[in-house]
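Shown next: structure_38.txt, given as compact mmCIF, C-alpha atoms.
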```
# COMPACT_ATOMS: atom_id res chain seq x y z
CA VAL A 84 75.00 -48.54 -45.50
CA GLY A 85 72.51 -50.34 -43.33
CA LEU A 86 71.68 -52.35 -40.27
CA ASP A 87 73.76 -55.37 -39.21
CA ASN A 88 70.70 -57.58 -39.39
CA ARG A 89 72.25 -60.69 -37.83
CA LYS A 90 73.43 -58.62 -34.87
CA SER A 91 70.03 -56.97 -34.56
CA GLY A 92 68.43 -60.44 -34.46
CA LYS A 93 70.77 -61.37 -31.62
CA THR A 94 69.84 -58.12 -29.89
CA ALA A 95 66.16 -58.99 -30.25
CA ALA A 96 66.84 -62.42 -28.73
CA GLY A 97 68.43 -60.76 -25.71
CA LEU A 98 65.47 -58.41 -25.37
CA MET A 99 63.03 -61.31 -25.63
CA ALA A 100 64.94 -63.20 -22.96
CA MET A 101 64.74 -60.19 -20.65
CA LEU A 102 61.01 -59.85 -21.23
CA THR A 103 60.25 -63.55 -20.71
CA SER A 104 62.79 -64.15 -17.95
CA GLY A 105 64.50 -66.49 -20.39
CA LYS A 106 61.63 -69.00 -20.49
CA GLY A 107 58.65 -69.89 -22.62
CA LYS A 108 57.40 -70.33 -26.15
CA VAL A 109 58.31 -67.77 -28.80
CA LEU A 110 57.03 -67.38 -32.36
CA ILE A 111 58.97 -65.74 -35.20
CA ILE A 112 57.11 -64.09 -38.07
CA THR A 113 59.05 -63.21 -41.22
CA GLY A 114 57.93 -61.59 -44.45
CA PHE A 115 59.37 -63.82 -47.16
CA PHE A 116 61.70 -66.77 -46.75
CA SER A 117 63.56 -65.50 -49.82
CA ASN A 118 64.35 -62.11 -48.23
CA ASN A 119 68.00 -62.06 -47.15
CA VAL A 120 67.49 -59.23 -44.63
CA ASN A 121 64.67 -61.13 -42.92
CA ASN A 122 66.73 -64.32 -42.93
CA GLN A 123 69.70 -62.62 -41.26
CA ARG A 124 67.45 -61.28 -38.51
CA VAL A 125 65.86 -64.68 -37.97
CA ASP A 126 69.23 -66.45 -38.05
CA GLY A 127 70.74 -64.07 -35.49
CA PHE A 128 67.71 -64.45 -33.22
CA ILE A 129 67.73 -68.26 -33.39
CA GLU A 130 71.50 -68.46 -32.99
CA GLU A 131 71.44 -66.35 -29.82
CA ILE A 132 68.44 -68.19 -28.36
CA LYS A 133 70.16 -71.56 -28.89
CA GLU A 134 73.50 -70.33 -27.50
CA SER A 135 72.29 -68.39 -24.48
CA PHE A 136 68.67 -69.13 -23.58
CA ASN A 137 67.97 -72.87 -23.40
CA ASP A 138 64.62 -72.40 -21.69
CA ILE A 139 63.13 -70.44 -24.58
CA GLU A 140 61.30 -72.76 -26.96
CA LEU A 141 61.00 -71.58 -30.55
CA ILE A 142 57.67 -72.83 -31.87
CA GLY A 143 58.43 -71.94 -35.47
CA VAL A 144 59.05 -69.37 -38.14
CA GLN A 145 55.95 -68.34 -40.07
CA CYS A 146 55.88 -66.45 -43.39
CA SER A 147 53.47 -63.51 -43.61
CA PHE A 148 54.28 -62.22 -47.12
CA ASP A 149 54.65 -58.78 -45.47
CA ASP A 150 50.87 -58.69 -45.17
CA ALA A 151 49.02 -57.47 -42.06
CA LEU A 152 46.14 -59.88 -42.58
CA GLU A 153 48.58 -62.81 -42.67
CA VAL A 154 50.33 -61.57 -39.52
CA GLU A 155 46.93 -61.40 -37.82
CA LYS A 156 46.04 -64.95 -38.95
CA ILE A 157 49.40 -66.32 -37.82
CA ILE A 158 49.05 -64.76 -34.37
CA LEU A 159 45.46 -65.94 -33.98
CA GLY A 160 46.47 -69.48 -34.96
CA ALA A 161 49.47 -69.46 -32.66
CA MET A 162 47.43 -68.19 -29.72
CA GLU A 163 44.81 -70.88 -30.36
CA ASN A 164 47.43 -73.64 -30.41
CA PHE A 165 49.76 -72.21 -27.75
CA ASN A 166 47.76 -70.41 -25.09
CA ASP A 167 51.00 -70.08 -23.12
CA LEU A 168 52.83 -68.21 -25.91
CA LYS A 169 55.27 -65.79 -24.24
CA GLY A 170 56.73 -63.87 -27.17
CA ILE A 171 56.41 -62.89 -30.81
CA PHE A 172 59.27 -61.56 -32.92
CA VAL A 173 58.17 -59.90 -36.18
CA VAL A 174 61.11 -59.22 -38.50
CA SER A 175 59.24 -57.69 -41.44
CA SER A 176 56.23 -55.62 -42.52
CA GLY A 177 52.61 -56.29 -41.71
CA GLN A 178 52.89 -55.28 -38.07
CA ASP A 179 49.41 -53.76 -38.08
CA GLY A 180 48.14 -57.35 -37.97
CA ILE A 181 49.54 -57.62 -34.43
CA LYS A 182 47.15 -54.95 -33.18
CA LYS A 183 44.17 -56.46 -35.00
CA ALA A 184 44.92 -59.95 -33.64
CA PHE A 185 45.20 -58.81 -30.04
CA GLU A 186 42.09 -56.65 -30.30
CA SER A 187 40.04 -59.59 -31.59
CA LEU A 188 41.44 -61.97 -28.95
CA ASN A 189 40.57 -59.62 -26.09
CA ILE A 190 43.08 -61.33 -23.79
CA LYS A 191 44.23 -60.11 -20.39
CA GLN A 192 47.93 -60.84 -20.90
CA ARG A 193 49.32 -60.71 -24.42
CA PRO A 194 52.68 -62.19 -25.44
CA TYR A 195 55.66 -59.85 -25.52
CA VAL A 196 56.28 -58.43 -29.00
CA ILE A 197 59.36 -57.07 -30.76
CA ILE A 198 59.03 -55.39 -34.17
CA TYR A 199 61.20 -53.50 -36.68
CA ASP A 200 61.12 -50.05 -38.25
CA ASP A 201 60.11 -46.67 -36.88
CA THR A 202 57.00 -45.87 -38.90
CA ALA A 203 53.81 -44.08 -37.93
CA ILE A 204 51.89 -47.38 -37.77
CA ASN A 205 54.55 -49.01 -35.63
CA GLU A 206 54.73 -46.03 -33.30
CA SER A 207 50.98 -46.35 -32.73
CA ILE A 208 51.41 -50.09 -32.08
CA LEU A 209 53.97 -49.23 -29.38
CA LYS A 210 51.92 -46.38 -27.90
CA ASP A 211 48.80 -48.55 -27.76
CA ASN A 212 50.70 -51.35 -25.94
CA PHE A 213 50.51 -53.97 -28.69
CA ALA A 214 54.32 -54.23 -28.90
CA ASP A 215 57.09 -53.78 -26.35
CA PHE A 216 60.17 -52.92 -28.40
CA LEU A 217 60.83 -51.54 -31.84
CA ILE A 218 64.23 -51.92 -33.49
CA ASP A 219 64.92 -48.91 -35.70
CA GLN A 220 67.40 -49.22 -38.54
CA GLU A 221 67.87 -45.47 -39.14
CA LEU A 222 66.34 -45.34 -42.61
CA TYR A 223 66.99 -41.61 -42.91
CA PHE A 224 70.72 -42.06 -42.27
CA GLN A 225 70.86 -44.94 -44.76
CA GLY A 226 69.39 -42.77 -47.49
CA TYR A 227 71.43 -39.72 -46.48
CA LYS A 228 74.85 -41.36 -46.20
CA ALA A 229 74.87 -43.50 -49.37
CA PRO A 230 74.91 -40.60 -51.90
CA PHE A 231 77.83 -39.00 -50.06
CA ILE A 232 79.80 -42.23 -50.30
CA LEU A 233 78.97 -42.49 -54.00
CA SER A 234 79.99 -38.87 -54.52
CA ASP A 235 83.34 -39.48 -52.82
CA ILE A 236 83.95 -42.48 -55.08
CA LEU A 237 82.94 -40.79 -58.35
CA ILE A 238 84.26 -37.26 -57.82
CA GLU A 239 87.23 -37.68 -55.51
CA ASN A 240 88.11 -41.30 -56.38
CA LYS A 241 88.03 -41.94 -52.61
CA MET A 242 86.86 -45.37 -51.52
CA PRO A 243 85.21 -45.80 -48.13
CA LYS A 244 87.42 -47.15 -45.36
CA ASP A 245 85.03 -50.03 -44.63
CA GLU A 246 83.01 -52.17 -47.01
CA TYR A 247 79.98 -51.98 -44.71
CA ILE A 248 78.80 -48.98 -42.74
CA TYR A 249 76.36 -50.17 -40.12
CA THR A 250 73.69 -48.01 -38.60
CA HIS A 251 73.02 -48.12 -34.89
CA ILE A 252 70.68 -50.75 -33.50
CA ASN A 253 68.27 -48.32 -31.88
CA ILE A 254 65.83 -49.92 -29.47
CA LYS A 255 62.69 -47.89 -28.90
CA THR A 256 59.75 -48.21 -26.53
CA LYS A 257 56.53 -46.23 -26.25
CA TYR A 258 58.44 -44.00 -23.82
CA SER A 259 61.24 -43.11 -26.22
CA ILE A 260 59.43 -42.45 -29.52
```
Would you encode the structure as structure tokens?
Amino acid sequence: VGLDNRKSGKTAAGLMAMLTSGKGKVLIITGFFSNNVNNQRVDGFIEEIKESFNDIELIGVQCSFDDALEVEKIILGAMENFNDLKGIFVVSSGQDGIKKAFESLNIKQRPYVIIYDDTAINESILKDNFADFLIDQELYFQGYKAPFILSDILIENKMPKDEYIYTHINIKTKYSI
């Protein structure tokens, strides 16, 4: 039970293309290169950008170790080297570093930002205009549904119809949280 992470990465690529009018430099920030969930999101994003949006230039994938301070440093470095950066896609934790980076830069026009997970910190990042979209993976449903599936297997010897049960790819903005 969980999010189809590759598909959500493709969804994020489509969102980024809408925000940037399909043009410009985009940075990807992941947590750990060894994290399969992060990798699927990054892979889906890159795959869709390459297939559908030739005028978006990916400037790299940076590892933040799921740490807000690292996210902040990565953004500050990227903005210093690419003053025309159009978008940032953060696939993992440490999103609070986005807010800190933009506050310290004091820029008029920030890059567009897409993040994951509906948490209190991320909701404040959206409300305070430091991110544009949040992709929610329905953590409550994931935790709620799995024990019922296990119960069906153990008590009723009933296997689920599908091997994977995907949650919805919920896209949230400051207006919908």
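Between Gln220 in chain A and the candidates A:Thr250, A:Ser104, A:Asn189, A:Ser135, the tightest atom-to-atom separation, counting only C-alpha atoms, involves A:Thr250.
When CA of Leu168 in chain A is paired with CA of Lys108 in chain A, their separation reads 5.0 Å.
Across A:Ala229, A:Ser91, A:Lys210, A:Ser234, the tightest approach to Tyr247 in chain A is made by A:Ala229 when counting all atoms listed in the file.
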#### Entry: Residues near Asn212 in chain A, cut-off 10 Å, all atoms listed in the file, skip fewer than 2 positions along chain, as JSON, numbers by chain
{"A": [182, 193, 195, 196, 206, 207, 208, 209, 210, 214, 215, 216, 256, 257]}
For range 160-232 of chain A against range 141-144 of chain A, with a cut-off of 10 Å and counting all atoms listed in the file, what is the closest atom pair and its distance in Å to one decimal for every residue that makes the cut, ordered by chain and number, as CSV?
```
residue,atom,partner,partner_atom,distance
A:Ala161,CA,A:Ile142,CA,8.9
A:Phe165,CA,A:Ile142,CA,8.9
A:Leu168,CA,A:Ile142,CA,9.0
A:Gly170,CA,A:Leu141,CA,9.4
A:Ile171,CA,A:Leu141,CA,9.8
A:Phe172,CA,A:Val144,CA,9.4
A:Val173,CA,A:Val144,CA,9.7
```
### Selection near Asn119 in chain A, 12 Å with all atoms listed in the file, sequence-local residues under 4 positions removed, as a list in words
Asp87, Asn88, Arg89, Thr113, Gly114, Phe115, Gln123, Arg124, Val125, Asp126, Val174 and Ser175 of chain A
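Shown here are all protein and nucleic acid residues lying within 10 Å of (72.0, -44.4, -46.6), with all atoms listed in the file considered: Val84, Gly85, Glu221, Leu222, Tyr223, Phe224, Gln225, Gly226, Tyr227, Lys228, Ala229, Pro230, Phe231, Ile232, Ile248, Tyr249 and Thr250 of chain A.
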### Task
Pick out the closest residue to Gly97 in chain A from this set: A:Ile254, A:Ile260, A:Leu110, A:Cys146. Count only C-alpha atoms.
A:Ile254
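Shell of Ala151 in chain A at 6 Å, with all atoms listed in the file counted and residues fewer than 5 places along the chain excluded, is Gly177, Gln178, Asp179 and Gly180 of chain A.
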Per-axis box centre and lengths in Å around range 96-110 of chain A, 6 Å margin per side, axis-aligned, as AutoDock Vina command-line options:
```
--center_x 62.7 --center_y -64.4 --center_z -25.2 --size_x 23.4 --size_y 23.9 --size_z 26.4
```
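CA of Ala95 in chain A sits 11.7 Å away from CA of Lys255 in chain A.
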### A:Leu159, A:Phe116, A:Gln192, A:Ile132 ranked by distance to Ser147 in chain A, top pick (using only C-alpha atoms)
A:Phe116
### Query
In terms of the shortest atom-to-atom distance over only C-alpha atoms, which of A:Lys169, A:Lys133, A:Lys90, A:His251 is closest to Val109 in chain A?
A:Lys169
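Closest approach to Asn118 in chain A among A:Asp149, A:Glu155, A:Asp201, A:Asp219: A:Asp149, based on only C-alpha atoms.
With CA of Ala96 in chain A on one side and CA of Ile112 in chain A on the other, the separation reads 13.6 Å.
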